[in-house]
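Next comes my_file37.pdb, with PDB, C-alpha atoms.
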ATOM      1  CA  MET A  22     159.088 123.742  84.700  1.00  0.00           C
ATOM      2  CA  ASN A  23     156.390 126.248  83.822  1.00  0.00           C
ATOM      3  CA  THR A  24     156.574 130.048  83.923  1.00  0.00           C
ATOM      4  CA  VAL A  25     155.031 130.367  87.394  1.00  0.00           C
ATOM      5  CA  GLU A  26     157.569 127.951  88.869  1.00  0.00           C
ATOM      6  CA  GLY A  27     160.347 129.878  87.130  1.00  0.00           C
ATOM      7  CA  ILE A  28     159.162 133.107  88.766  1.00  0.00           C
ATOM      8  CA  GLY A  29     159.098 131.304  92.121  1.00  0.00           C
ATOM      9  CA  TYR A  30     162.664 130.078  91.690  1.00  0.00           C
ATOM     10  CA  LEU A  31     163.768 133.559  90.636  1.00  0.00           C
ATOM     11  CA  ALA A  32     162.140 135.049  93.732  1.00  0.00           C
ATOM     12  CA  ALA A  33     163.765 132.450  95.977  1.00  0.00           C
ATOM     13  CA  SER A  34     167.146 133.126  94.359  1.00  0.00           C
ATOM     14  CA  LEU A  35     166.745 136.822  95.065  1.00  0.00           C
ATOM     15  CA  VAL A  36     166.049 136.075  98.731  1.00  0.00           C
ATOM     16  CA  LEU A  37     169.246 134.026  98.827  1.00  0.00           C
ATOM     17  CA  ALA A  38     171.083 136.937  97.207  1.00  0.00           C
ATOM     18  CA  THR A  39     169.990 139.271 100.025  1.00  0.00           C
ATOM     19  CA  PHE A  40     171.949 137.135 102.475  1.00  0.00           C
ATOM     20  CA  CYS A  41     175.090 137.653 100.401  1.00  0.00           C
ATOM     21  CA  MET A  42     174.934 141.453 100.365  1.00  0.00           C
ATOM     22  CA  LYS A  43     177.508 143.428 102.300  1.00  0.00           C
ATOM     23  CA  SER A  44     175.876 146.848 102.097  1.00  0.00           C
ATOM     24  CA  MET A  45     172.435 147.781 103.343  1.00  0.00           C
ATOM     25  CA  GLY A  46     171.559 149.559 100.082  1.00  0.00           C
ATOM     26  CA  ALA A  47     172.315 146.494  97.983  1.00  0.00           C
ATOM     27  CA  LEU A  48     170.419 144.304 100.428  1.00  0.00           C
ATOM     28  CA  ARG A  49     167.333 146.521 100.205  1.00  0.00           C
ATOM     29  CA  LEU A  50     167.469 146.601  96.396  1.00  0.00           C
ATOM     30  CA  ALA A  51     167.695 142.814  96.263  1.00  0.00           C
ATOM     31  CA  ALA A  52     164.854 142.536  98.789  1.00  0.00           C
ATOM     32  CA  ILE A  53     162.690 144.877  96.702  1.00  0.00           C
ATOM     33  CA  ALA A  54     163.367 142.799  93.589  1.00  0.00           C
ATOM     34  CA  SER A  55     162.562 139.676  95.591  1.00  0.00           C
ATOM     35  CA  ASN A  56     159.297 141.185  96.845  1.00  0.00           C
ATOM     36  CA  MET A  57     158.277 142.090  93.304  1.00  0.00           C
ATOM     37  CA  ALA A  58     159.098 138.592  92.049  1.00  0.00           C
ATOM     38  CA  PHE A  59     157.178 136.986  94.917  1.00  0.00           C
ATOM     39  CA  ILE A  60     154.203 139.269  94.252  1.00  0.00           C
ATOM     40  CA  ALA A  61     154.184 138.058  90.643  1.00  0.00           C
ATOM     41  CA  TYR A  62     154.592 134.457  91.810  1.00  0.00           C
ATOM     42  CA  GLY A  63     151.749 134.796  94.296  1.00  0.00           C
ATOM     43  CA  TYR A  64     149.490 136.451  91.743  1.00  0.00           C
ATOM     44  CA  PHE A  65     150.074 134.047  88.866  1.00  0.00           C
ATOM     45  CA  GLY A  66     150.218 131.008  91.147  1.00  0.00           C
ATOM     46  CA  HIS A  67     147.058 132.015  93.036  1.00  0.00           C
ATOM     47  CA  LEU A  68     148.972 131.972  96.332  1.00  0.00           C
ATOM     48  CA  ALA A  69     147.246 134.615  98.433  1.00  0.00           C
ATOM     49  CA  PRO A  70     149.507 134.320 101.534  1.00  0.00           C
ATOM     50  CA  VAL A  71     152.665 134.806  99.454  1.00  0.00           C
ATOM     51  CA  LEU A  72     151.103 137.708  97.577  1.00  0.00           C
ATOM     52  CA  LEU A  73     149.882 139.380 100.769  1.00  0.00           C
ATOM     53  CA  LEU A  74     153.162 138.976 102.655  1.00  0.00           C
ATOM     54  CA  HIS A  75     155.297 140.462  99.906  1.00  0.00           C
ATOM     55  CA  ALA A  76     152.773 143.186  99.129  1.00  0.00           C
ATOM     56  CA  LEU A  77     153.199 144.248 102.782  1.00  0.00           C
ATOM     57  CA  LEU A  78     156.996 143.879 102.772  1.00  0.00           C
ATOM     58  CA  LEU A  79     157.545 145.854  99.554  1.00  0.00           C
ATOM     59  CA  PRO A  80     156.663 149.324 100.926  1.00  0.00           C
ATOM     60  CA  ILE A  81     158.650 148.599 104.091  1.00  0.00           C
ATOM     61  CA  ASN A  82     161.759 147.776 102.047  1.00  0.00           C
ATOM     62  CA  ILE A  83     161.255 150.832  99.841  1.00  0.00           C
ATOM     63  CA  TYR A  84     160.885 153.067 102.898  1.00  0.00           C
ATOM     64  CA  ARG A  85     163.973 151.560 104.554  1.00  0.00           C
ATOM     65  CA  LEU A  86     165.961 152.091 101.354  1.00  0.00           C
ATOM     66  CA  VAL A  87     165.171 155.805 101.102  1.00  0.00           C
ATOM     67  CA  GLU A  88     164.874 156.790 104.771  1.00  0.00           C
ATOM     68  CA  PRO A  89     167.598 159.089 106.038  1.00  0.00           C
ATOM     69  CA  VAL A  90     170.101 157.333 108.276  1.00  0.00           C
ATOM     70  CA  SER A  91     172.195 159.313 110.695  1.00  0.00           C
ATOM     71  CA  PRO A  92     175.837 158.209 110.888  1.00  0.00           C
ATOM     72  CA  ASP A  93     176.111 160.090 114.185  1.00  0.00           C
ATOM     73  CA  ALA A  94     175.102 157.742 117.002  1.00  0.00           C
ATOM     74  CA  SER A  95     174.696 160.691 119.356  1.00  0.00           C
ATOM     75  CA  LYS A  96     171.393 161.420 117.607  1.00  0.00           C
ATOM     76  CA  CYS A  97     169.939 158.132 118.817  1.00  0.00           C
ATOM     77  CA  PRO A  98     166.979 158.755 121.142  1.00  0.00           C
ATOM     78  CA  GLU A  99     168.045 156.370 123.908  1.00  0.00           C
ATOM     79  CA  ARG A 100     171.432 156.192 125.561  1.00  0.00           C
ATOM     80  CA  VAL A 101     172.517 153.899 128.368  1.00  0.00           C
ATOM     81  CA  THR A 102     175.622 153.716 130.462  1.00  0.00           C
ATOM     82  CA  CYS A 103     177.946 150.773 129.933  1.00  0.00           C
ATOM     83  CA  SER A 104     180.133 149.303 132.607  1.00  0.00           C
ATOM     84  CA  GLY A 105     182.768 151.797 133.570  1.00  0.00           C
ATOM     85  CA  GLY A 106     180.338 154.707 133.235  1.00  0.00           C
ATOM     86  CA  LYS A 107     180.862 155.191 129.504  1.00  0.00           C
ATOM     87  CA  GLU A 108     177.898 156.251 127.416  1.00  0.00           C
ATOM     88  CA  CYS A 109     176.833 153.637 124.862  1.00  0.00           C
ATOM     89  CA  SER A 110     173.907 152.866 122.612  1.00  0.00           C
ATOM     90  CA  LEU A 111     171.039 150.682 123.722  1.00  0.00           C
ATOM     91  CA  PHE A 112     172.859 147.547 122.522  1.00  0.00           C
ATOM     92  CA  GLY A 113     176.176 148.358 124.145  1.00  0.00           C
ATOM     93  CA  ASN A 114     177.860 149.661 120.999  1.00  0.00           C
ATOM     94  CA  CYS A 115     180.090 152.578 121.822  1.00  0.00           C
ATOM     95  CA  PRO A 116     180.707 154.377 118.524  1.00  0.00           C
ATOM     96  CA  LYS A 117     182.931 157.079 119.992  1.00  0.00           C
ATOM     97  CA  ARG A 118     185.522 154.714 121.396  1.00  0.00           C
ATOM     98  CA  PRO A 119     187.433 151.824 119.863  1.00  0.00           C
ATOM     99  CA  ARG A 120     186.297 148.296 120.614  1.00  0.00           C
ATOM    100  CA  THR A 121     188.312 146.467 123.220  1.00  0.00           C
ATOM    101  CA  ARG A 122     188.649 142.749 123.709  1.00  0.00           C
ATOM    102  CA  ARG A 123     187.485 141.287 126.999  1.00  0.00           C
TER     103      ARG A 123
END
Here is the file; what I need is its structure written in the form of structure tokens.
Amino acid sequence: MNTVEGIGYLAASLVLATFCMKSMGALRLAAIASNMAFIAYGYFGHLAPVLLLHALLLPINIYRLVEPVSPDASKCPERVTCSGGKECSLFGNCPKRPRTRR
């Protein structure tokens, strides 16, 4: 195995690690490390599509890591009414009431 292949395997391992993360912060950090490794892999391996994809994904992951996230769902721009007339988020998640089994 040469150095370029090693970087590729490292990058792939970091992608796998992102699927094991339980917190969004850890996931983003692993994704950023993965993007950087894939950028190196694409550059040294002369793989323009890999380089381009991860060069585009890197700033997105950095932005998502540092963007402010509101824990208050009432600040969401769109609200819909769930069955029973209760106010819920767009995906039916009702953060102000406990989940009930159907």
### Message
So that I can check the surroundings of segment 36-38 of chain A, please list as a PyMOL selection string every protein, DNA and RNA residue that reaches within 9 Å of it, counting only C-alpha atoms and ignoring chain neighbours fewer than 3 positions away.
### Response
chain A and resi 31-33+41-42+48+51-52+54-56
### Task
Would you list the contacts of Leu74 of chain A as a list in words, taking every protein, DNA or RNA residue within 12 Å and counting only C-alpha atoms, but skipping same-chain residues closer than 6 positions in sequence?
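Surrounding residues, per the criterion: Ser55, Asn56, Met57, Phe59, Ile60, Tyr62, Gly63, Tyr64, Leu68, Pro80 and Ile81 of chain A.
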Find the axis-aligned box for segment 23-42 of chain A, covering all its listed atoms and adding 4 Å on each side, and write its centre and edge lengths in Å to one decimal as lines of an AutoDock Vina configuration file.
center_x = 165.1
center_y = 133.9
center_z = 93.1
size_x = 28.1
size_y = 23.2
size_z = 26.7
### Task
Just say which residues the PyMOL selection byres ((chain A and resi 65) around 12) picks in this file, as number ranges by chain.
A: 23-29, 58-64, 66-69, 71-72
### Message
Would you pick out the contacts of Met45 of chain A at 12 Å or less, using all atoms listed in the file, so that residues sharing its chain but fewer than 2 positions from it are not included, and give the list as a PyMOL selection string?
### Response
chain A and resi 39-43+47-52+82+85-88+90
